[in-house]
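Trainee: data-v8.cif is reproduced in full below (mmCIF, C-alpha atoms and all ligand atoms).
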```cif
data_input
loop_
_atom_site.label_atom_id
_atom_site.label_comp_id
_atom_site.auth_asym_id
_atom_site.auth_seq_id
_atom_site.Cartn_x
_atom_site.Cartn_y
_atom_site.Cartn_z
CA MET A 501 180.42 12.64 -38.08
CA PRO A 502 176.61 12.01 -38.09
CA PRO A 503 175.37 9.54 -40.75
CA SER A 504 173.94 12.29 -42.91
CA ALA A 505 177.23 14.22 -43.06
CA VAL A 506 179.45 13.62 -46.07
CA SER A 507 182.68 15.08 -47.39
CA LEU A 508 182.35 16.19 -50.99
CA ARG A 509 184.54 17.81 -53.56
CA ARG A 510 183.93 21.47 -54.06
CA ASP A 511 187.00 23.12 -55.43
CA ARG A 512 189.40 20.35 -56.18
CA PRO A 513 191.47 19.07 -54.48
CA SER A 514 189.94 20.39 -51.24
CA LYS A 515 186.90 18.70 -49.76
CA GLN A 516 183.99 20.13 -47.84
CA THR A 517 181.87 18.40 -45.20
CA ILE A 518 178.16 19.08 -45.59
CA GLN A 519 175.08 17.97 -43.68
CA LEU A 520 172.80 16.30 -46.17
CA LYS A 521 169.20 17.57 -46.23
CA ASN A 522 167.97 16.05 -49.49
CA HIS A 523 165.09 13.71 -48.66
CA ILE A 524 165.99 11.12 -51.29
CA LEU A 525 169.62 10.83 -50.20
CA LEU A 526 168.53 10.56 -46.56
CA GLN A 527 166.31 7.57 -47.40
CA LEU A 528 169.23 5.47 -48.66
CA THR A 529 171.27 3.00 -46.64
CA GLN A 530 174.67 4.26 -45.60
CA GLY A 531 176.30 1.82 -48.05
CA ASP A 532 174.24 2.90 -51.05
CA ARG A 533 174.68 6.56 -50.17
CA ASP A 534 178.45 6.15 -49.85
CA THR A 535 178.59 4.44 -53.25
CA LEU A 536 176.37 7.05 -54.88
CA LEU A 537 178.30 9.99 -53.45
CA ALA A 538 181.83 8.57 -53.80
CA GLU A 539 182.72 11.10 -56.50
CA ALA A 540 179.95 13.64 -55.95
CA GLU A 541 180.41 17.38 -55.94
CA CYS A 542 178.85 20.09 -53.80
CA VAL A 543 177.37 22.72 -56.14
CA ARG A 544 176.35 26.22 -55.06
CA LEU A 545 173.98 28.21 -57.25
CA PRO A 546 173.42 31.94 -56.77
CA ALA A 547 169.83 33.13 -57.26
CA GLY A 548 169.05 33.42 -60.96
CA SER A 549 171.84 31.12 -62.11
CA THR A 550 171.18 28.38 -64.66
CA LEU A 551 171.80 24.74 -63.77
CA ALA A 552 170.97 23.35 -67.24
CA ARG A 553 169.78 24.61 -70.61
CA PRO A 554 167.55 22.96 -73.22
CA GLY A 555 169.74 20.69 -75.33
CA ASP A 556 172.35 20.12 -72.62
CA GLU A 557 173.29 16.48 -72.20
CA ILE A 558 171.99 14.96 -68.96
CA ALA A 559 175.43 14.01 -67.68
CA SER A 560 174.65 14.32 -63.98
CA ILE A 561 171.87 14.19 -61.41
CA TYR A 562 171.39 17.10 -59.02
CA PHE A 563 170.00 16.62 -55.51
CA PRO A 564 169.04 19.99 -53.96
CA ASP A 565 169.99 20.34 -50.30
CA ALA A 566 168.69 23.88 -49.90
CA GLY A 567 166.93 26.40 -52.11
CA VAL A 568 164.52 25.99 -55.01
CA ILE A 569 165.12 25.12 -58.66
CA SER A 570 162.54 26.19 -61.23
CA VAL A 571 161.87 24.02 -64.30
CA VAL A 572 161.08 26.43 -67.14
CA SER A 573 159.68 25.57 -70.57
CA GLU A 574 160.88 27.87 -73.37
CA MET A 575 158.87 28.35 -76.56
CA ALA A 576 160.16 29.36 -80.01
CA THR A 577 158.22 32.62 -79.57
CA GLY A 578 160.36 33.48 -76.55
CA HIS A 579 157.59 32.77 -74.05
CA GLN A 580 158.83 31.11 -70.87
CA VAL A 581 156.59 29.28 -68.41
CA ALA A 582 157.59 27.62 -65.15
CA VAL A 583 156.09 24.14 -64.95
CA ALA A 584 157.55 22.84 -61.69
CA VAL A 585 159.75 23.78 -58.76
CA VAL A 586 162.04 21.32 -57.01
CA GLY A 587 163.55 21.60 -53.55
CA ARG A 588 165.21 19.25 -51.13
CA GLU A 589 162.37 16.73 -51.52
CA GLY A 590 163.39 15.88 -55.08
CA LEU A 591 166.06 15.54 -57.75
CA LEU A 592 166.80 16.89 -61.23
CA GLY A 593 168.12 15.11 -64.28
CA VAL A 594 166.21 11.91 -63.63
CA GLY A 595 165.68 11.57 -67.38
CA ALA A 596 169.09 9.86 -67.23
CA VAL A 597 167.33 6.65 -66.21
CA LEU A 598 164.47 7.10 -68.68
CA SER A 599 166.48 7.05 -71.92
CA VAL A 600 166.18 10.84 -72.19
CA GLN A 601 169.51 12.11 -73.50
CA SER A 602 169.19 15.85 -72.99
CA TYR A 603 167.23 18.51 -71.14
CA VAL A 604 164.17 19.98 -72.83
CA GLN A 605 163.67 22.69 -70.19
CA ARG A 606 165.84 25.25 -68.46
CA LEU A 607 166.66 24.70 -64.79
CA VAL A 608 167.11 27.95 -62.86
CA ALA A 609 167.84 28.63 -59.19
CA LEU A 610 164.94 30.77 -57.97
CA VAL A 611 166.75 31.57 -54.72
CA GLU A 612 170.31 30.90 -53.61
CA SER A 613 170.59 27.13 -53.63
CA HIS A 614 173.07 24.37 -53.05
CA GLY A 615 173.07 20.66 -53.58
CA VAL A 616 174.95 17.53 -54.57
CA ARG A 617 175.81 16.60 -58.15
CA VAL A 618 176.32 12.93 -59.06
CA CYS A 619 177.57 11.62 -62.39
CA ALA A 620 174.71 10.00 -64.37
CA ASP A 621 176.62 6.72 -64.87
CA ARG A 622 177.11 6.29 -61.15
CA PHE A 623 173.46 7.17 -60.49
CA ARG A 624 172.35 4.51 -63.01
CA TYR A 625 174.66 1.95 -61.36
CA VAL A 626 173.25 2.55 -57.85
CA PHE A 627 169.70 2.87 -59.23
CA GLY A 628 170.07 -0.66 -60.63
CA ARG A 629 171.02 -2.20 -57.30
CA SER A 630 169.26 -0.10 -54.63
CA ASP A 631 165.55 -0.74 -54.02
CA LEU A 632 165.42 2.36 -51.82
CA LEU A 633 166.89 4.64 -54.51
CA ARG A 634 164.53 3.21 -57.14
CA ARG A 635 161.50 3.67 -54.90
CA ALA A 636 162.46 7.21 -53.82
CA THR A 637 163.22 8.22 -57.42
CA LEU A 638 159.96 6.79 -58.75
CA ASP A 639 158.02 8.49 -55.92
CA ALA A 640 159.62 11.81 -56.90
CA LEU A 641 158.82 11.16 -60.57
CA GLY A 642 155.21 10.33 -59.68
CA ARG A 643 154.84 13.61 -57.80
CA ARG A 644 156.41 15.50 -60.72
CA PHE A 645 153.97 13.86 -63.14
CA VAL A 646 151.00 14.89 -61.00
CA GLU A 647 152.41 18.42 -60.70
CA LEU A 648 152.98 18.81 -64.45
CA THR A 649 149.50 17.64 -65.40
CA MET A 650 147.98 19.87 -62.72
CA VAL A 651 149.95 22.96 -63.84
CA ALA A 652 148.79 22.42 -67.43
CA ALA A 653 145.16 22.61 -66.32
CA CYS A 654 145.82 25.37 -63.78
CA ASN A 655 147.35 27.68 -66.39
CA ARG A 656 144.18 27.28 -68.48
CA VAL A 657 141.53 27.54 -65.76
CA HIS A 658 142.70 29.54 -62.74
CA SER A 659 143.33 33.29 -62.51
CA HIS A 660 146.72 34.99 -62.49
CA ARG A 661 146.17 35.98 -58.86
CA GLN A 662 145.36 32.41 -57.84
CA ARG A 663 148.43 31.10 -59.69
CA LEU A 664 150.73 33.75 -58.21
CA ALA A 665 149.47 32.99 -54.68
CA ARG A 666 150.03 29.26 -55.30
CA TRP A 667 153.60 29.73 -56.52
CA LEU A 668 154.50 32.12 -53.69
CA LEU A 669 153.27 29.60 -51.12
CA LEU A 670 155.10 26.74 -52.78
CA ILE A 671 158.42 28.55 -53.26
CA THR A 672 158.53 29.93 -49.72
CA ASP A 673 157.59 26.47 -48.36
CA LYS A 674 160.43 24.81 -50.26
CA ALA A 675 162.94 27.59 -49.56
CA GLY A 676 162.00 27.69 -45.86
CA GLN A 677 161.83 31.48 -45.88
CA ARG A 678 159.09 34.09 -45.79
CA SER A 679 160.64 36.57 -48.19
CA LEU A 680 161.82 36.35 -51.78
CA ARG A 681 163.80 38.55 -54.11
CA VAL A 682 162.37 37.98 -57.57
CA THR A 683 162.08 40.00 -60.73
CA HIS A 684 158.83 40.78 -62.50
CA ASP A 685 160.00 38.63 -65.42
CA THR A 686 160.50 35.64 -63.12
CA LEU A 687 157.03 36.12 -61.64
CA ALA A 688 155.59 36.31 -65.16
CA GLN A 689 157.32 32.96 -65.92
CA MET A 690 155.84 31.42 -62.80
CA VAL A 691 152.36 32.68 -63.50
CA GLY A 692 152.53 32.00 -67.22
CA GLY A 693 151.12 35.44 -68.01
CA PRO A 694 152.16 38.93 -69.09
CA ARG A 695 153.97 41.36 -66.78
CA HIS A 696 150.94 43.62 -66.43
CA ALA A 697 148.87 40.67 -65.17
CA VAL A 698 151.56 40.04 -62.54
CA THR A 699 151.39 43.70 -61.48
CA VAL A 700 147.62 43.47 -61.03
CA ALA A 701 147.90 40.18 -59.11
CA LEU A 702 150.65 41.58 -56.85
CA ASN A 703 148.58 44.66 -56.09
CA ASP A 704 145.54 42.51 -55.28
CA LEU A 705 147.52 40.29 -52.90
CA ARG A 706 149.17 43.32 -51.31
CA GLY A 707 145.78 45.00 -50.85
CA ASP A 708 144.51 41.88 -49.08
CA GLY A 709 147.47 41.89 -46.66
CA ALA A 710 148.70 38.56 -48.03
CA ILE A 711 152.08 40.03 -49.04
CA THR A 712 154.15 43.17 -48.97
CA TYR A 713 156.05 43.99 -52.16
CA ARG A 714 158.73 46.61 -52.58
CA ARG A 715 161.61 46.90 -55.04
CA GLY A 716 161.63 43.27 -56.08
CA LYS A 717 161.29 41.90 -52.56
CA ILE A 718 158.15 40.02 -51.58
CA ASP A 719 157.41 39.27 -47.94
CA ILE A 720 154.66 36.89 -46.97
CA GLY A 721 152.28 38.77 -44.69
CA LYS A 722 149.13 36.89 -43.71
CA ARG A 723 149.82 33.36 -44.91
CA SER A 724 146.22 32.31 -44.20
CA VAL A 725 145.02 35.01 -46.59
CA LEU A 726 147.54 33.92 -49.23
CA MET A 727 146.29 30.33 -48.91
CA ALA A 728 142.70 31.53 -49.27
CA ARG A 729 143.67 33.39 -52.46
CA ALA A 730 145.57 30.41 -53.97
CA CYS A 731 143.84 27.84 -56.13
CA GLU A 732 143.26 24.26 -55.02
CA CYS A 733 146.32 23.19 -57.03
CA TYR A 734 148.54 24.25 -54.12
CA LEU A 735 147.18 21.34 -52.13
CA VAL A 736 147.83 18.96 -55.02
CA GLN A 737 151.41 20.21 -55.38
CA THR A 738 152.05 19.75 -51.68
CA GLY A 739 150.66 16.24 -51.65
CA PHE A 740 147.30 16.89 -50.00
CA SER A 741 143.98 15.96 -51.51
CA PRO A 742 141.88 19.05 -52.19
CA ARG A 743 138.72 17.09 -51.46
ZN ZN B 801 145.43 26.18 -60.05
#
```
Would you mind writing the file's structure down as structure tokens?
Ligand SMILES: [Zn+2]
Mentor:
Amino acid sequence: MPPSAVSLRRDRPSKQTIQLKNHILLQLTQGDRDTLLAEAECVRLPAGSTLARPGDEIASIYFPDAGVISVVSEMATGHQVAVAVVGREGLLGVGAVLSVQSYVQRLVALVESHGVRVCADRFRYVFGRSDLLRRATLDALGRRFVELTMVAACNRVHSHRQRLARWLLLITDKAGQRSLRVTHDTLAQMVGGPRHAVTVALNDLRGDGAITYRRGKIDIGKRSVLMARACECYLVQTGFSPR
């Protein structure tokens, strides 16, 4: 079995061998990874399914192996705004090592996703003894911090079309696919605007040849055009300096 392959519980008592793709898990030594994943579970999430709700205890850490998880803030008014998306480069539930007891946002699978779930106590144990896990976790947290502060400004300054183009680029990058099945409501969450603004933005991008859009399915057409229509925040979210 290659070093990145592990056998994990799926439907007890059977086990399933998976090829790890999560960048954080792949950075660990074999010993630390074995300890961390000793009782881990493989979790599959259909598109649209919820991984955690606001108020849920952070009892486990989730490492995506494939797919994209959206981090959605929910307001008392019912407004929902996506503030980050996490793929195989990151992890979810890291508040478990920051004295945060429960989730404050909803975690939703934007596309069909799967990953590895590790009990928070075990994560804290390995976090305390593995320099590599600490460094990789803090790097991921640093990127999340930059992303959250950027999205706050982006939602205030940039247009709905720019924001939609940015999210479409980011989600298809992380999902490794050029087409997405998403509802209008989900797009409104991503953009942080009303449904009619999403309709206008979609029509603009379709008119430019950046995308095709039919019955809830978006296909990326001319990616170079989509990049030209996205705001500079896309480069920040992907780790490049815009200047
Ligand atoms: Zn922006």
Trainee: Might you pull out every residue within 12 Å of Pro554 of chain A, with all atoms listed in the file counted and same-chain residues fewer than 2 positions away left off, and present them as a list of chain:residue names?
Mentor: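 Residues near the query, excluding close chain neighbours: A:Thr550, A:Leu551, A:Ala552, A:Asp556, A:Glu557, A:Ile558, A:Val571, A:Val572, A:Ser573, A:Glu574, A:Met575, A:Ala576, A:Gly593, A:Gln601, A:Ser602, A:Tyr603, A:Val604, A:Gln605, A:Arg606, A:Leu607, A:Val608.
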Trainee: Would you mind reading off the distance between atom CA of Gly676 of chain A and atom CA of Leu536 of chain A, one decimal, in Å?
Mentor: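 Interatomic distance, atom CA of Gly676 of chain A to atom CA of Leu536 of chain A: 26.7 Å.
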Trainee: Taking only residues of chain A that have an atom at most 9 Å from an atom of ligand ZN 801 (chain B), what is each one's shortest atom pair and its distance in Å to one decimal, using all atoms listed in the file, in chain and number order, as CSV?
Mentor:
```
residue,atom,partner,partner_atom,distance
A:Met650,CA,B:ZN801,ZN,7.3
A:Val651,CA,B:ZN801,ZN,6.7
A:Ala652,CA,B:ZN801,ZN,8.9
A:Ala653,CA,B:ZN801,ZN,7.2
A:Cys654,CA,B:ZN801,ZN,3.8
A:Asn655,CA,B:ZN801,ZN,6.8
A:Arg656,CA,B:ZN801,ZN,8.6
A:Val657,CA,B:ZN801,ZN,7.0
A:His658,CA,B:ZN801,ZN,5.1
A:Ser659,CA,B:ZN801,ZN,7.8
A:Gln662,CA,B:ZN801,ZN,6.6
A:Arg663,CA,B:ZN801,ZN,5.8
A:Arg666,CA,B:ZN801,ZN,7.3
A:Ala730,CA,B:ZN801,ZN,7.4
A:Cys731,CA,B:ZN801,ZN,4.5
A:Glu732,CA,B:ZN801,ZN,5.8
A:Cys733,CA,B:ZN801,ZN,4.3
A:Tyr734,CA,B:ZN801,ZN,7.0
```
Trainee: Excluding Val626 of chain A and residues on its chain fewer than 2 positions from it, collect all residues at most 12 Å away from it, counting only C-alpha atoms, and give them as a list in words.
Mentor: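 Once the nearby chain positions are removed, what remains is Leu525, Leu528, Thr529, Gly531, Asp532, Arg533, Asp534, Thr535, Leu536, Leu537, Ala538, Val597, Val618, Cys619, Ala620, Asp621, Arg622, Phe623, Arg624, Gly628, Arg629, Ser630, Asp631, Leu632, Leu633, Arg634 and Thr637 of chain A.
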Trainee: Could you work out how far atom CA of Val616 of chain A lies from atom CA of Leu508 of chain A, giving the answer in Å with one decimal?
Mentor: 8.3 Å
Trainee: Step by step: start from the point (156.2, 15.0, -63.6) in the file's coordinates, keep every protein, DNA or RNA residue that has an atom no farther than 12 Å from it, count only C-alpha atoms, and write the set as an NGL selection string.
Mentor: :A and (571 or 583-586 or 590-595 or 637-652 or 737)
Trainee: Can you tell me how far atom CA of Gln530 of chain A sits from atom CA of Ala566 of chain A, in Å to one decimal?
Mentor: 21.0 Å
Trainee: Smallest atom-to-atom distance to Asn522 of chain A: which of A:Arg588, A:Arg714, A:Arg553, A:His579, using all atoms listed in the file?
Mentor: A:Arg588
Trainee: Between A:Leu705, A:Ile720, A:Ile524, A:Leu598, which one has atoms that come closest to Leu664 of chain A, using all atoms listed in the file?
Mentor: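 Of A:Leu705, A:Ile720, A:Ile524, A:Leu598, the one nearest Leu664 of chain A is A:Leu705, counting all atoms listed in the file.
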Trainee: Quick one: of A:Val725, A:Ala547, A:Ala636, A:Val736, who's nearest to Ala665 of chain A, counting only C-alpha atoms?
Mentor: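 Checking each of A:Val725, A:Ala547, A:Ala636, A:Val736 against Ala665 of chain A, counting only C-alpha atoms, the winner is A:Val725.
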Trainee: Neighbourhood query: residues within 8 Å of (153.9, 33.6, -63.6), file coordinates, counting all atoms listed in the file; return as a PyMOL selection string.
Mentor: chain A and resi 581-582+660+663-664+686-694+698
